file model-v2.txt (compact mmCIF, C-alpha atoms)
# COMPACT_ATOMS: atom_id res chain seq x y z
CA MET A 7 0.00 0.00 0.00
CA HIS A 8 1.27 3.45 -0.91
CA VAL A 9 2.46 5.57 2.04
CA THR A 10 0.00 8.36 1.15
CA GLU A 11 -2.86 5.84 1.34
CA LEU A 12 -1.75 4.85 4.82
CA ARG A 13 -1.61 8.51 5.86
CA PHE A 14 -5.08 9.07 4.39
CA ILE A 15 -6.50 6.07 6.24
CA GLU A 16 -4.90 7.18 9.52
CA LEU A 17 -6.38 10.65 9.03
CA ALA A 18 -9.84 9.19 8.36
CA LYS A 19 -9.51 6.98 11.44
CA ARG A 20 -8.48 9.94 13.60
CA HIS A 21 -11.47 11.99 12.46
CA ALA A 22 -13.84 9.06 13.06
CA LEU A 23 -12.50 8.76 16.62
CA VAL A 24 -12.90 12.51 17.20
CA GLY A 25 -16.48 12.21 15.94
CA MET A 26 -17.14 9.42 18.41
CA GLN A 27 -15.66 11.52 21.22
CA ALA A 28 -17.91 14.46 20.26
CA ALA A 29 -20.95 12.17 20.35
CA LYS A 30 -19.88 10.87 23.77
CA ALA A 31 -19.47 14.44 25.06
CA LEU A 32 -23.01 15.22 23.92
CA ASN A 33 -24.40 12.13 25.63
CA ASP A 34 -22.42 12.80 28.80
CA ARG A 35 -23.71 16.38 29.02
CA GLN A 36 -27.29 15.22 28.52
CA GLU A 37 -26.82 12.68 31.32
CA GLN A 38 -25.39 15.36 33.62
CA LEU A 39 -28.50 17.46 33.04
CA GLN A 40 -30.66 14.46 34.04
CA LEU A 41 -32.99 14.95 31.10
CA GLU A 42 -34.93 11.84 32.06
CA ARG A 43 -36.19 13.84 35.08
CA VAL A 44 -37.20 17.01 33.23
CA LEU A 45 -40.78 15.89 32.51
CA LEU A 46 -41.38 13.62 35.48
CA GLN A 47 -44.65 14.30 37.21
CA GLU A 48 -42.87 14.54 40.57
CA ARG A 49 -40.70 17.34 39.21
CA LEU A 50 -43.48 19.22 37.42
CA ALA A 51 -45.79 19.02 40.46
CA SER A 52 -44.06 22.00 42.10
CA PRO A 53 -43.14 25.43 40.74
CA GLU A 54 -39.58 24.83 41.99
CA GLY A 55 -39.34 21.54 40.15
CA THR A 56 -40.68 23.07 36.96
CA ALA A 57 -38.12 25.87 37.31
CA GLN A 58 -35.39 23.21 37.64
CA SER A 59 -36.64 21.57 34.45
CA ARG A 60 -36.63 24.87 32.59
CA ALA A 61 -33.10 25.58 33.76
CA ALA A 62 -31.93 22.16 32.54
CA LEU A 63 -33.62 22.77 29.17
CA GLU A 64 -31.96 26.18 28.83
CA GLN A 65 -28.57 24.66 29.63
CA LEU A 66 -29.19 21.90 27.09
CA SER A 67 -30.19 24.44 24.45
CA GLU A 68 -27.01 26.44 25.04
CA PHE A 69 -24.87 23.30 24.99
CA MET A 70 -26.49 22.15 21.73
CA ARG A 71 -25.65 25.50 20.08
CA THR A 72 -22.05 25.20 21.28
CA HIS A 73 -21.83 21.57 20.19
CA GLN A 74 -23.26 22.35 16.76
CA SER A 75 -20.80 25.19 16.23
CA ALA A 76 -17.89 22.96 17.27
CA PHE A 77 -19.14 20.15 15.05
CA GLU A 78 -19.37 22.49 12.05
CA GLN A 79 -15.79 23.64 12.62
CA LEU A 80 -14.64 20.04 13.03
CA ALA A 81 -16.44 19.02 9.83
CA LEU A 82 -14.81 21.85 7.87
CA ALA A 83 -11.36 20.97 9.20
CA CYS A 84 -11.94 17.29 8.47
CA CYS A 85 -13.06 18.01 4.89
CA ALA A 86 -10.06 20.27 4.26
CA GLU A 87 -7.59 17.72 5.65
CA LEU A 88 -9.15 14.83 3.78
CA ALA A 89 -9.27 16.80 0.52
CA ALA A 90 -5.57 17.63 0.84
CA ALA A 91 -4.78 13.99 1.65
CA LEU A 92 -6.84 12.81 -1.33
CA ASP A 93 -4.84 15.05 -3.64
CA GLU A 94 -1.65 13.28 -2.50
CA LEU A 95 -2.95 9.81 -3.34
CA PRO A 96 -1.92 8.06 -6.53
CA GLU A 97 -4.23 9.27 -9.28
CA GLN A 98 -5.78 5.85 -9.93
CA ARG A 99 -6.90 5.63 -6.25
CA GLN A 100 -8.24 9.18 -5.88
CA ALA A 101 -11.65 8.59 -7.50
CA GLU A 102 -12.27 5.44 -5.45
CA TYR A 103 -11.41 7.09 -2.15
CA ARG A 104 -13.14 10.35 -3.04
CA ALA A 105 -16.46 8.60 -3.75
CA GLY A 106 -16.37 6.70 -0.46
CA VAL A 107 -15.24 9.68 1.58
CA MET A 108 -17.85 12.03 0.11
CA ALA A 109 -20.65 9.54 0.73
CA SER A 110 -19.50 9.01 4.31
CA ILE A 111 -19.14 12.74 5.01
CA ASN A 112 -22.54 13.49 3.51
CA ASP A 113 -24.14 10.73 5.60
CA GLN A 114 -22.49 12.09 8.76
CA LEU A 115 -23.48 15.69 8.05
CA GLU A 116 -27.09 14.75 7.33
CA ALA A 117 -27.34 12.57 10.44
CA GLN A 118 -25.82 15.29 12.64
CA SER A 119 -28.09 17.96 11.17
CA LEU A 120 -31.10 15.75 11.83
CA LEU A 121 -29.92 15.19 15.40
CA TYR A 122 -29.74 18.95 16.04
CA ARG A 123 -33.16 19.61 14.48
CA ASN A 124 -34.82 16.84 16.46
CA ARG A 125 -33.12 17.78 19.72
CA ASP A 126 -34.34 21.35 19.17
CA ARG A 127 -37.90 20.05 18.63
CA TRP A 128 -37.58 18.07 21.87
CA ILE A 129 -36.34 21.10 23.82
CA VAL A 130 -39.10 23.36 22.46
CA ALA A 131 -41.81 20.78 23.25
CA ALA A 132 -40.44 20.14 26.76
CA MET A 133 -40.22 23.89 27.45
CA GLU A 134 -43.81 24.33 26.24
CA ILE A 135 -44.94 21.54 28.59
CA CYS A 136 -43.30 23.39 31.48
CA GLN A 137 -45.01 26.62 30.41
CA LEU A 138 -48.36 24.85 30.09
CA ILE A 139 -48.04 23.34 33.57
CA ASP A 140 -47.11 26.74 35.05
CA ALA A 141 -49.98 28.48 33.24
CA CYS A 142 -52.65 26.09 34.51
CA ARG A 143 -51.02 24.77 37.67
CA ASP A 144 -54.13 25.43 39.78
CA ALA A 145 -56.21 23.29 37.43
CA VAL A 146 -53.77 20.36 37.07
CA VAL A 147 -54.21 17.30 39.24
CA PHE A 148 -51.06 15.33 39.99
CA ALA A 149 -52.13 11.79 40.91
CA ASP A 150 -50.47 8.38 41.12
CA ASP A 151 -51.88 7.40 37.73
CA GLY A 152 -50.75 10.58 35.96
CA MET A 153 -51.68 14.20 35.50
CA GLY A 154 -55.21 15.38 34.94
CA PHE A 155 -56.23 18.63 33.29
CA ALA A 156 -59.48 20.43 34.05
CA ASN A 157 -59.51 22.03 30.60
CA GLU A 158 -59.82 19.71 27.58
CA ASP A 159 -57.75 22.10 25.41
CA ASP A 160 -54.91 21.97 27.95
CA LEU A 161 -55.06 18.18 27.96
CA GLU A 162 -54.94 18.04 24.16
CA ARG A 163 -52.03 20.49 24.09
CA PHE A 164 -50.15 18.42 26.66
CA GLN A 165 -50.77 15.21 24.72
CA SER A 166 -49.63 16.74 21.41
CA LEU A 167 -46.44 18.09 23.00
CA PHE A 168 -45.74 14.78 24.70
CA ALA A 169 -46.25 13.00 21.37
CA ILE A 170 -43.43 15.14 19.94
CA ILE A 171 -41.23 14.20 22.90
CA GLU A 172 -41.90 10.51 22.32
CA GLU A 173 -41.46 10.73 18.54
CA VAL A 174 -38.10 12.46 18.87
CA HIS A 175 -36.97 10.01 21.55
CA GLN A 176 -37.79 6.98 19.41
CA PHE A 177 -36.06 8.52 16.41
CA GLU A 178 -32.94 9.40 18.42
CA VAL A 179 -32.65 5.88 19.83
CA ALA A 180 -32.85 4.39 16.33
CA GLN A 181 -30.48 7.00 14.87
CA LEU A 182 -27.93 6.54 17.65
CA HIS A 183 -27.93 2.78 17.17
CA GLU A 184 -27.53 3.13 13.40
CA ARG A 185 -24.72 5.71 13.66
CA SER A 186 -22.87 3.67 16.29
CA GLN A 187 -23.04 0.61 14.06
CA ARG A 188 -21.84 2.55 11.02
CA LEU A 189 -18.95 4.17 12.92
CA ALA A 190 -17.90 0.84 14.42
CA GLN A 191 -17.95 -0.78 10.97
CA SER A 192 -15.96 2.09 9.47
CA LEU A 193 -13.35 1.92 12.20
CA ALA A 194 -13.12 -1.86 11.87
CA ILE A 195 -12.49 -1.52 8.13
CA LEU A 196 -9.89 1.17 8.71
CA GLU A 197 -8.18 -0.98 11.36
CA GLN A 198 -8.00 -3.92 8.95
CA VAL A 199 -6.56 -1.78 6.15
CA ALA A 200 -4.06 0.08 8.33
CA PRO A 201 -3.53 -1.51 11.73
CA ALA A 202 -2.22 0.82 14.41
call {"tool": "encode", "arguments": {"input": "model-v2.txt", "output": "structure tokens"}}
result
Amino acid sequence: MHVTELRFIELAKRHALVGMQAAKALNDRQEQLQLERVLLQERLASPEGTAQSRAALEQLSEFMRTHQSAFEQLALACCAELAAALDELPEQRQAEYRAGVMASINDQLEAQSLLYRNRDRWIVAAMEICQLIDACRDAVVFADDGMGFANEDDLERFQSLFAIIEEVHQFEVAQLHERSQRLAQSLAILEQVAPA
């Protein structure tokens, strides 16, 4: 294998690992914010708990903006480095590598963009649930079997917002599994081609 191909593969492997670290940082931050507690009935039952949930959502929103900005910078740097490395490859190998790299980068960019859009939908819906609870707190019943709303419109609004939460959650679980599988496969291929 040509030395420039080995360098290219090592560069691709390094960027894949950085991408995995960025995904882990995102997951770690979400765990620190205890997002699974944000919409728990026990939390929403008090104004203080709802304020805690809003604060966590605001922190998540800020972190997502920071993460997206960092990801965009990382993607640009990755594309520039890979393009330069592609230009150094033997001419007969450039087209083959370029096609695979472009498809992989496009898949990653689309998946990441979708993640940010869906996470934003989740944040907005969760924030609106907190606002709804605060707005009609005197008319909400917090019972063992769930929350009850005195006003049918409030109930419908709550259900539609919670449906968004559930839809985004299911999509994120499926997307995370798919991306993890794809990254693991890519790294395994790169390891086989150019062992460390």
call {"tool": "atom_distance", "arguments": {"input": "model-v2.txt", "atom1": "CA of Ala131 (chain A)", "atom2": "CA of Leu167 (chain A)"}}
result
5.4 Å
call {"tool": "atom_distance", "arguments": {"input": "model-v2.txt", "atom1": "CA of Ile139 (chain A)", "atom2": "CA of Ile171 (chain A)"}}
result
15.6 Å
call {"tool": "closest_residue", "arguments": {"input": "model-v2.txt", "among": "A:Arg13, A:Arg99, A:His175, A:Arg35", "to": "Asn124 (chain A)", "atoms": "all atoms listed in the file"}}
result
A:His175
call {"tool": "residues_around", "arguments": {"input": "model-v2.txt", "residues": "region 107-118 of chain A", "least_positions_apart": "2", "cutoff": "12 Å", "atoms": "all atoms listed in the file", "output": "ChimeraX atom specification"}}
result
/A:14-15,17-19,21-22,25-26,28-29,32,70,73-82,84-89,91-92,100-105,120-125,177-178,180-186,188-189,191-192
call {"tool": "axis_aligned_box", "arguments": {"input": "model-v2.txt", "around": "region 137-143 of chain A", "padding_each_side": "5 Å", "output": "JSON"}}
result
{"center_x": -48.8, "center_y": 25.9, "center_z": 33.9, "size_x": 17.6, "size_y": 15.1, "size_z": 17.6}
call {"tool": "closest_residue", "arguments": {"input": "model-v2.txt", "among": "A:Ile170, A:Val179, A:Leu95, A:Ala132", "to": "Leu50 (chain A)", "atoms": "all atoms listed in the file"}}
result
A:Ala132
call {"tool": "atom_distance", "arguments": {"input": "model-v2.txt", "atom1": "CA of Asp126 (chain A)", "atom2": "CA of Ser59 (chain A)"}}
result
15.5 Å
